[in-house]
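Participant: My questions all concern the structure below.
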Amino acid sequence: MSDSEKGSATAEESKAELDRAFESLYRDHLRDVYSYSYYRVGNHHDAEDVTEQAFLQAYRHFERARRESNGRPLRPWLIRIAHNLASNYHRDRARRPQRVLEESEPIAAPHPTERIVEGREELKSVMEHLQHLPDDRRDALIMRFALGMDNREIARALGRSDGATKVLIHRAIKQLEEEMSADGS
Amino acid sequence: MAAEPSRDVETLLRSALRPIEPPENFAGRVEETLSAVTEAAAEELSAWAEELSESELRSLRDPRNWVRPAAAIAAGGVAAGGLVLVELRRRGGGKRSNRLSGLADQVSEIADQVRDQVRNRLD
(Lines give C-alpha, C1' and ligand atoms only; values in the text may rest on other atoms or scores of the structure.)
Protein backbone atom coordinates (compact mmCIF):
# COMPACT_ATOMS: atom_id res chain seq x y z
CA MET A 1 0.00 0.00 0.00
CA SER A 2 1.40 3.43 -0.97
CA ASP A 3 1.76 6.30 1.52
CA SER A 4 -1.09 8.06 -0.23
CA GLU A 5 -3.33 5.01 0.12
CA LYS A 6 -2.35 4.57 3.77
CA GLY A 7 -3.13 8.21 4.46
CA SER A 8 -6.46 7.90 2.75
CA ALA A 9 -7.33 4.76 4.73
CA THR A 10 -6.40 6.48 8.00
CA ALA A 11 -8.53 9.47 7.09
CA GLU A 12 -11.47 7.19 6.38
CA GLU A 13 -11.05 5.39 9.71
CA SER A 14 -10.90 8.73 11.46
CA LYS A 15 -14.04 9.90 9.65
CA ALA A 16 -15.87 6.70 10.47
CA GLU A 17 -14.95 7.10 14.13
CA LEU A 18 -16.17 10.70 14.07
CA ASP A 19 -19.43 9.59 12.46
CA ARG A 20 -19.96 6.96 15.15
CA ALA A 21 -19.34 9.54 17.85
CA PHE A 22 -21.83 11.93 16.25
CA GLU A 23 -24.43 9.22 15.93
CA SER A 24 -23.98 8.44 19.61
CA LEU A 25 -24.32 12.12 20.53
CA TYR A 26 -27.44 12.35 18.41
CA ARG A 27 -29.10 9.30 19.90
CA ASP A 28 -28.16 10.21 23.47
CA HIS A 29 -29.36 13.79 23.31
CA LEU A 30 -32.16 14.04 20.77
CA ARG A 31 -34.72 14.14 23.57
CA ASP A 32 -32.74 16.79 25.48
CA VAL A 33 -32.48 19.08 22.48
CA TYR A 34 -36.12 18.52 21.59
CA SER A 35 -37.31 19.13 25.16
CA TYR A 36 -35.30 22.31 25.47
CA SER A 37 -36.50 23.56 22.08
CA TYR A 38 -40.09 22.72 22.92
CA TYR A 39 -40.07 24.61 26.21
CA ARG A 40 -38.46 27.58 24.50
CA VAL A 41 -40.71 27.89 21.46
CA GLY A 42 -43.92 26.44 22.91
CA ASN A 43 -45.10 24.19 20.08
CA HIS A 44 -44.07 20.96 18.40
CA HIS A 45 -43.86 22.35 14.87
CA ASP A 46 -41.20 24.95 15.67
CA ALA A 47 -39.49 22.70 18.22
CA GLU A 48 -38.92 20.22 15.40
CA ASP A 49 -37.37 22.90 13.21
CA VAL A 50 -35.10 24.20 15.98
CA THR A 51 -34.01 20.67 16.87
CA GLU A 52 -33.29 19.78 13.27
CA GLN A 53 -31.26 22.93 12.72
CA ALA A 54 -29.40 22.35 15.99
CA PHE A 55 -28.20 18.93 14.87
CA LEU A 56 -27.25 20.25 11.44
CA GLN A 57 -25.11 22.92 13.06
CA ALA A 58 -23.72 20.40 15.52
CA TYR A 59 -22.73 18.11 12.68
CA ARG A 60 -20.91 20.90 10.89
CA HIS A 61 -18.86 21.84 13.92
CA PHE A 62 -18.65 18.47 15.62
CA GLU A 63 -15.01 17.70 14.88
CA ARG A 64 -13.79 20.99 16.30
CA ALA A 65 -16.12 20.85 19.31
CA ARG A 66 -14.92 17.38 20.11
CA ARG A 67 -11.30 18.43 19.83
CA GLU A 68 -11.81 21.46 22.05
CA SER A 69 -13.93 19.72 24.66
CA ASN A 70 -10.93 17.88 26.13
CA GLY A 71 -13.11 14.90 26.86
CA ARG A 72 -15.85 16.85 28.64
CA PRO A 73 -19.46 15.95 27.78
CA LEU A 74 -20.83 17.73 24.72
CA ARG A 75 -24.39 18.12 25.96
CA PRO A 76 -23.88 21.74 27.12
CA TRP A 77 -22.44 22.62 23.71
CA LEU A 78 -25.42 21.01 21.99
CA ILE A 79 -27.91 22.80 24.23
CA ARG A 80 -26.10 26.08 23.66
CA ILE A 81 -26.67 25.65 19.92
CA ALA A 82 -30.39 25.03 20.52
CA HIS A 83 -30.43 27.98 22.94
CA ASN A 84 -29.01 30.33 20.28
CA LEU A 85 -31.39 29.03 17.62
CA ALA A 86 -34.39 29.50 19.92
CA SER A 87 -33.25 33.05 20.65
CA ASN A 88 -32.99 33.71 16.90
CA TYR A 89 -36.46 32.24 16.47
CA HIS A 90 -37.95 34.67 18.97
CA ARG A 91 -35.99 37.59 17.51
CA ASP A 92 -37.20 36.76 13.99
CA ARG A 93 -40.78 36.45 15.16
CA ALA A 94 -40.58 39.82 16.88
CA ARG A 95 -39.28 41.43 13.68
CA ARG A 96 -41.67 39.68 11.30
CA PRO A 97 -44.28 42.04 9.90
CA GLN A 98 -47.88 41.13 10.52
CA ARG A 99 -49.36 39.15 7.68
CA VAL A 100 -52.77 39.54 6.18
CA LEU A 101 -55.48 37.53 7.85
CA GLU A 102 -55.78 34.84 5.16
CA GLU A 103 -52.10 33.96 5.45
CA SER A 104 -52.03 33.83 9.21
CA GLU A 105 -51.63 30.54 10.99
CA PRO A 106 -53.60 29.83 14.12
CA ILE A 107 -51.91 31.37 17.13
CA ALA A 108 -49.98 28.69 18.96
CA ALA A 109 -50.54 28.34 22.67
CA PRO A 110 -47.51 29.68 24.55
CA HIS A 111 -47.27 26.34 26.27
CA PRO A 112 -49.55 23.32 26.05
CA THR A 113 -49.96 23.31 29.77
CA GLU A 114 -53.22 21.43 29.63
CA ARG A 115 -51.44 18.35 28.31
CA ILE A 116 -48.53 18.57 30.69
CA VAL A 117 -50.13 19.56 33.91
CA GLU A 118 -53.22 17.45 33.44
CA GLY A 119 -55.48 19.99 35.05
CA ARG A 120 -53.42 20.57 38.14
CA GLU A 121 -53.73 24.27 38.80
CA GLU A 122 -50.55 24.44 40.83
CA LEU A 123 -48.45 23.16 37.97
CA LYS A 124 -50.26 25.29 35.47
CA SER A 125 -49.50 28.31 37.59
CA VAL A 126 -45.80 27.52 37.86
CA MET A 127 -45.59 27.14 34.08
CA GLU A 128 -47.32 30.46 33.52
CA HIS A 129 -45.01 32.24 35.94
CA LEU A 130 -42.00 30.54 34.40
CA GLN A 131 -42.84 32.05 31.01
CA HIS A 132 -42.68 35.52 32.53
CA LEU A 133 -39.26 35.17 34.14
CA PRO A 134 -36.30 36.98 32.57
CA ASP A 135 -34.91 34.87 29.73
CA ASP A 136 -31.71 33.72 31.43
CA ARG A 137 -33.55 32.64 34.58
CA ARG A 138 -36.23 30.77 32.64
CA ASP A 139 -33.66 29.05 30.41
CA ALA A 140 -31.57 27.95 33.38
CA LEU A 141 -34.63 26.41 35.03
CA ILE A 142 -35.57 24.55 31.86
CA MET A 143 -32.05 23.13 31.68
CA ARG A 144 -32.09 22.17 35.34
CA PHE A 145 -35.54 20.62 35.60
CA ALA A 146 -36.47 19.41 32.11
CA LEU A 147 -33.00 18.19 31.16
CA GLY A 148 -31.55 17.43 34.58
CA MET A 149 -28.39 19.42 33.91
CA ASP A 150 -26.16 20.28 36.86
CA ASN A 151 -24.78 23.75 37.58
CA ARG A 152 -21.56 23.10 35.71
CA GLU A 153 -23.35 21.96 32.57
CA ILE A 154 -25.76 24.89 32.70
CA ALA A 155 -22.86 27.26 33.20
CA ARG A 156 -21.18 25.92 30.06
CA ALA A 157 -24.40 26.09 28.06
CA LEU A 158 -25.05 29.69 29.08
CA GLY A 159 -21.41 30.80 28.97
CA ARG A 160 -21.31 31.76 32.64
CA SER A 161 -19.23 30.80 35.64
CA ASP A 162 -20.39 28.00 37.94
CA GLY A 163 -20.89 30.49 40.77
CA ALA A 164 -22.90 32.91 38.67
CA THR A 165 -25.08 30.04 37.48
CA LYS A 166 -25.77 28.88 41.01
CA VAL A 167 -26.88 32.39 41.95
CA LEU A 168 -28.95 32.67 38.76
CA ILE A 169 -30.89 29.50 39.54
CA HIS A 170 -31.37 30.47 43.15
CA ARG A 171 -32.77 33.87 42.15
CA ALA A 172 -34.98 32.33 39.50
CA ILE A 173 -36.59 29.98 41.99
CA LYS A 174 -36.92 32.71 44.57
CA GLN A 175 -38.60 35.02 42.06
CA LEU A 176 -41.01 32.26 41.06
CA GLU A 177 -41.79 31.57 44.69
CA GLU A 178 -42.44 35.24 45.45
CA GLU A 179 -44.59 35.85 42.39
CA MET A 180 -46.66 32.73 42.92
CA SER A 181 -47.08 33.67 46.55
CA ALA A 182 -48.18 37.19 45.60
CA ASP A 183 -50.72 35.70 43.20
CA GLY A 184 -51.98 33.36 45.88
CA SER A 185 -50.93 30.32 43.85
CA MET B 1 -23.33 31.98 49.02
CA ALA B 2 -26.82 31.28 47.72
CA ALA B 3 -29.09 29.33 50.03
CA GLU B 4 -30.74 26.11 48.87
CA PRO B 5 -33.86 26.82 46.85
CA SER B 6 -37.35 26.18 48.09
CA ARG B 7 -38.28 22.51 47.96
CA ASP B 8 -41.90 23.25 47.06
CA VAL B 9 -41.16 25.26 43.96
CA GLU B 10 -38.48 22.79 42.97
CA THR B 11 -40.93 19.95 43.26
CA LEU B 12 -43.46 21.82 41.17
CA LEU B 13 -40.88 22.62 38.52
CA ARG B 14 -39.72 19.03 38.40
CA SER B 15 -43.29 17.90 37.82
CA ALA B 16 -44.16 20.62 35.33
CA LEU B 17 -40.96 20.54 33.27
CA ARG B 18 -40.97 16.92 32.30
CA PRO B 19 -38.80 15.85 29.36
CA ILE B 20 -40.73 15.92 26.09
CA GLU B 21 -40.44 12.98 23.74
CA PRO B 22 -40.08 13.98 20.09
CA PRO B 23 -42.93 12.84 17.82
CA GLU B 24 -42.58 9.24 16.73
CA ASN B 25 -41.42 9.90 13.17
CA PHE B 26 -39.24 12.86 14.04
CA ALA B 27 -35.92 11.08 14.59
CA GLY B 28 -36.15 9.57 11.13
CA ARG B 29 -36.94 12.96 9.62
CA VAL B 30 -33.89 14.59 11.21
CA GLU B 31 -31.72 11.75 9.97
CA GLU B 32 -33.14 12.13 6.48
CA THR B 33 -32.54 15.87 6.51
CA LEU B 34 -28.96 15.38 7.65
CA SER B 35 -28.52 12.86 4.89
CA ALA B 36 -30.17 15.05 2.27
CA VAL B 37 -28.03 18.04 3.16
CA THR B 38 -24.79 16.11 3.14
CA GLU B 39 -25.70 14.23 -0.04
CA ALA B 40 -26.49 17.53 -1.74
CA ALA B 41 -23.13 18.86 -0.54
CA ALA B 42 -21.51 15.77 -2.02
CA GLU B 43 -23.25 16.47 -5.31
CA GLU B 44 -21.85 19.96 -5.29
CA LEU B 45 -18.42 18.54 -4.52
CA SER B 46 -18.67 16.04 -7.33
CA ALA B 47 -18.76 18.87 -9.84
CA TRP B 48 -15.82 20.52 -8.14
CA ALA B 49 -13.89 17.22 -8.09
CA GLU B 50 -13.92 17.15 -11.90
CA GLU B 51 -11.33 19.90 -11.79
CA LEU B 52 -8.87 17.71 -9.85
CA SER B 53 -6.05 15.74 -11.41
CA GLU B 54 -6.08 11.94 -11.52
CA SER B 55 -3.74 11.64 -8.54
CA GLU B 56 -5.79 14.11 -6.53
CA LEU B 57 -8.89 12.18 -7.39
CA ARG B 58 -7.29 8.94 -6.21
CA SER B 59 -6.50 10.64 -2.89
CA LEU B 60 -9.99 11.98 -2.63
CA ARG B 61 -11.65 8.69 -3.65
CA ASP B 62 -15.39 9.01 -3.20
CA PRO B 63 -16.22 12.56 -2.06
CA ARG B 64 -19.42 11.31 -0.48
CA ASN B 65 -17.35 9.60 2.17
CA TRP B 66 -16.11 12.94 3.40
CA VAL B 67 -19.50 14.27 4.26
CA ARG B 68 -21.72 11.30 4.86
CA PRO B 69 -22.91 11.29 8.47
CA ALA B 70 -23.63 8.19 10.49
CA ALA B 71 -27.21 9.37 10.54
CA ALA B 72 -27.43 8.61 6.83
CA ILE B 73 -26.56 5.00 7.51
CA ALA B 74 -29.10 4.86 10.33
CA ALA B 75 -31.76 6.20 7.99
CA GLY B 76 -31.01 3.46 5.50
CA GLY B 77 -29.88 5.85 2.82
CA VAL B 78 -31.78 8.53 0.96
CA ALA B 79 -32.28 9.57 -2.61
CA ALA B 80 -29.14 11.08 -4.07
CA GLY B 81 -28.36 13.59 -6.76
CA GLY B 82 -31.24 15.30 -8.45
CA LEU B 83 -33.76 13.60 -6.23
CA VAL B 84 -32.21 15.29 -3.22
CA LEU B 85 -32.65 18.66 -4.79
CA VAL B 86 -36.24 17.81 -5.62
CA GLU B 87 -36.68 16.80 -2.00
CA LEU B 88 -35.15 20.06 -0.79
CA ARG B 89 -37.48 22.01 -3.06
CA ARG B 90 -40.42 19.94 -1.87
CA ARG B 91 -39.57 20.70 1.74
CA GLY B 92 -39.23 24.34 0.85
CA GLY B 93 -42.80 24.56 -0.33
CA GLY B 94 -45.88 25.51 1.64
CA LYS B 95 -45.57 26.81 5.14
CA ARG B 96 -41.91 25.92 5.53
CA SER B 97 -40.52 28.23 2.88
CA ASN B 98 -37.81 29.46 5.24
CA ARG B 99 -36.42 25.96 5.50
CA LEU B 100 -35.25 25.83 1.89
CA SER B 101 -32.88 28.74 2.24
CA GLY B 102 -31.61 27.29 5.52
CA LEU B 103 -30.87 23.97 3.93
CA ALA B 104 -29.32 25.55 0.85
CA ASP B 105 -27.01 27.52 3.12
CA GLN B 106 -26.09 24.36 4.97
CA VAL B 107 -25.26 22.62 1.71
CA SER B 108 -22.94 25.41 0.62
CA GLU B 109 -21.28 25.67 3.99
CA ILE B 110 -20.72 21.93 4.29
CA ALA B 111 -19.34 21.83 0.76
CA ASP B 112 -16.98 24.71 1.58
CA GLN B 113 -15.82 22.95 4.72
CA VAL B 114 -15.15 19.72 2.91
CA ARG B 115 -13.29 21.52 0.12
CA ASP B 116 -11.05 23.09 2.74
CA GLN B 117 -10.50 19.76 4.46
CA VAL B 118 -9.62 18.05 1.20
CA ARG B 119 -7.29 20.85 0.14
CA ASN B 120 -5.51 20.71 3.49
CA ARG B 121 -5.02 17.00 3.21
CA LEU B 122 -3.82 17.20 -0.37
CA ASP B 123 -1.30 19.97 0.42
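Following the order of the C-alpha coordinates, first chain is A, next is B, and so on, with residues numbered from 1 inside each chain and ligands from 1 in the order they appear.
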Where does chain A meet chain B within 6 Å, residue by residue, with the nearest atom pair and distance in Å to one decimal for each, counting only C-alpha atoms, listed by chain and rising number, as a Markdown table?
Facilitator:
```
| residue | atom | partner | partner_atom | distance |
| --- | --- | --- | --- | --- |
| A:Asp19 | CA | B:Ala70 | CA | 4.8 |
| A:Glu23 | CA | B:Ala70 | CA | 5.6 |
| A:Arg31 | CA | B:Glu21 | CA | 5.8 |
| A:Ser35 | CA | B:Ile20 | CA | 4.8 |
| A:Glu52 | CA | B:Val30 | CA | 5.6 |
| A:Leu123 | CA | B:Ala16 | CA | 5.6 |
| A:Phe145 | CA | B:Arg14 | CA | 5.3 |
| A:Ala146 | CA | B:Leu17 | CA | 4.8 |
| A:Val167 | CA | B:Ala2 | CA | 5.9 |
| A:His170 | CA | B:Pro5 | CA | 5.8 |
```
Participant: Would you save the residues of that selection, restricted to N, CA and C atoms, as a PDB file, in the first residue's frame?
Facilitator:
```
ATOM      1  N   ASP A  19     -18.021   9.830  12.773  1.00  0.00           N
ATOM      2  CA  ASP A  19     -19.433   9.586  12.465  1.00  0.00           C
ATOM      3  C   ASP A  19     -20.109   8.771  13.568  1.00  0.00           C
ATOM      4  N   GLU A  23     -23.194  10.000  15.833  1.00  0.00           N
ATOM      5  CA  GLU A  23     -24.434   9.215  15.928  1.00  0.00           C
ATOM      6  C   GLU A  23     -24.783   8.964  17.392  1.00  0.00           C
ATOM      7  N   ARG A  31     -33.619  13.756  22.683  1.00  0.00           N
ATOM      8  CA  ARG A  31     -34.717  14.140  23.568  1.00  0.00           C
ATOM      9  C   ARG A  31     -34.383  15.425  24.346  1.00  0.00           C
ATOM     10  N   SER A  35     -36.630  18.600  23.966  1.00  0.00           N
ATOM     11  CA  SER A  35     -37.313  19.129  25.160  1.00  0.00           C
ATOM     12  C   SER A  35     -36.993  20.603  25.365  1.00  0.00           C
ATOM     13  N   GLU A  52     -33.933  20.213  14.516  1.00  0.00           N
ATOM     14  CA  GLU A  52     -33.293  19.784  13.268  1.00  0.00           C
ATOM     15  C   GLU A  52     -32.112  20.697  12.927  1.00  0.00           C
ATOM     16  N   LEU A 123     -49.469  23.321  38.999  1.00  0.00           N
ATOM     17  CA  LEU A 123     -48.446  23.163  37.972  1.00  0.00           C
ATOM     18  C   LEU A 123     -48.681  24.132  36.817  1.00  0.00           C
ATOM     19  N   PHE A 145     -34.436  21.513  35.240  1.00  0.00           N
ATOM     20  CA  PHE A 145     -35.535  20.620  35.601  1.00  0.00           C
ATOM     21  C   PHE A 145     -36.025  19.752  34.436  1.00  0.00           C
ATOM     22  N   ALA A 146     -36.004  20.246  33.227  1.00  0.00           N
ATOM     23  CA  ALA A 146     -36.466  19.412  32.106  1.00  0.00           C
ATOM     24  C   ALA A 146     -35.354  18.491  31.615  1.00  0.00           C
ATOM     25  N   VAL A 167     -26.110  31.215  41.486  1.00  0.00           N
ATOM     26  CA  VAL A 167     -26.876  32.389  41.946  1.00  0.00           C
ATOM     27  C   VAL A 167     -28.082  32.625  41.029  1.00  0.00           C
ATOM     28  N   HIS A 170     -30.795  30.136  41.851  1.00  0.00           N
ATOM     29  CA  HIS A 170     -31.371  30.472  43.152  1.00  0.00           C
ATOM     30  C   HIS A 170     -32.341  31.648  43.025  1.00  0.00           C
TER      31      HIS A 170
END
```
Participant: Mind the document's chain letters and residue numbers, and return as an NGL selection string the residues of segment 3-185 of chain A that DSSP labels alpha helix (DSSP H).
Facilitator: :A and (3-41 or 44-68 or 75-95 or 113-117 or 121-131 or 135-141 or 151-158 or 162-182)
Participant: Env of Asp183 of chain A: 10 Å cut, atoms = only C-alpha atoms, seq-sep filter 5 positions within chain, self excluded. Answer as a PyMOL selection string.
Facilitator: chain A and resi 125+129+177-178
Participant: Out of A:Val33, A:Val126, A:Ile173, A:Asp49, which residue has the shortest atom-to-atom distance to Ile81 of chain A when counting only C-alpha atoms?
Facilitator: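 Ranked by minimum distance to Ile81 of chain A, first place goes to A:Val33.
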Participant: In Å, rounded to a single decimal, give me how far atom CA of Phe55 of chain A is from atom CA of Arg67 of chain A.
Facilitator: 17.6 Å
Participant: As a list in words, please: the residues near segment 62-64 of chain A (cut-off 10 Å, only C-alpha atoms, same-chain neighbours under 6 positions excluded).
Facilitator: Lys15, Leu18, Asp19, Ala21, Phe22, Leu25, Phe55, Leu56, Leu74, Trp77 and Leu78 of chain A
Participant: Keeping N, CA and C atoms for every residue in the selection just given, could you write it to a file as a PDB file, in the first residue's frame?
Facilitator:
```pdb
ATOM      1  N   LYS A  15     -12.700   9.390   9.981  1.00  0.00           N
ATOM      2  CA  LYS A  15     -14.037   9.904   9.652  1.00  0.00           C
ATOM      3  C   LYS A  15     -15.121   8.961  10.169  1.00  0.00           C
ATOM      4  N   LEU A  18     -15.475   9.430  13.801  1.00  0.00           N
ATOM      5  CA  LEU A  18     -16.165  10.695  14.069  1.00  0.00           C
ATOM      6  C   LEU A  18     -17.672  10.532  13.836  1.00  0.00           C
ATOM      7  N   ASP A  19     -18.021   9.830  12.773  1.00  0.00           N
ATOM      8  CA  ASP A  19     -19.433   9.586  12.465  1.00  0.00           C
ATOM      9  C   ASP A  19     -20.109   8.771  13.568  1.00  0.00           C
ATOM     10  N   ALA A  21     -19.217   8.675  16.665  1.00  0.00           N
ATOM     11  CA  ALA A  21     -19.339   9.540  17.847  1.00  0.00           C
ATOM     12  C   ALA A  21     -20.523  10.498  17.686  1.00  0.00           C
ATOM     13  N   PHE A  22     -20.697  11.012  16.465  1.00  0.00           N
ATOM     14  CA  PHE A  22     -21.827  11.932  16.245  1.00  0.00           C
ATOM     15  C   PHE A  22     -23.153  11.200  16.371  1.00  0.00           C
ATOM     16  N   LEU A  25     -23.875  10.828  19.964  1.00  0.00           N
ATOM     17  CA  LEU A  25     -24.317  12.116  20.532  1.00  0.00           C
ATOM     18  C   LEU A  25     -25.782  12.380  20.155  1.00  0.00           C
ATOM     19  N   PHE A  55     -29.057  20.073  15.206  1.00  0.00           N
ATOM     20  CA  PHE A  55     -28.205  18.928  14.865  1.00  0.00           C
ATOM     21  C   PHE A  55     -27.431  19.156  13.567  1.00  0.00           C
ATOM     22  N   LEU A  56     -28.010  19.911  12.654  1.00  0.00           N
ATOM     23  CA  LEU A  56     -27.249  20.245  11.440  1.00  0.00           C
ATOM     24  C   LEU A  56     -26.027  21.085  11.798  1.00  0.00           C
ATOM     25  N   LEU A  74     -20.470  16.718  25.725  1.00  0.00           N
ATOM     26  CA  LEU A  74     -20.832  17.730  24.723  1.00  0.00           C
ATOM     27  C   LEU A  74     -22.283  18.212  24.851  1.00  0.00           C
ATOM     28  N   TRP A  77     -22.701  22.003  25.018  1.00  0.00           N
ATOM     29  CA  TRP A  77     -22.444  22.625  23.706  1.00  0.00           C
ATOM     30  C   TRP A  77     -23.668  22.476  22.793  1.00  0.00           C
ATOM     31  N   LEU A  78     -24.242  21.287  22.816  1.00  0.00           N
ATOM     32  CA  LEU A  78     -25.418  21.012  21.991  1.00  0.00           C
ATOM     33  C   LEU A  78     -26.600  21.893  22.423  1.00  0.00           C
TER      34      LEU A  78
END
```
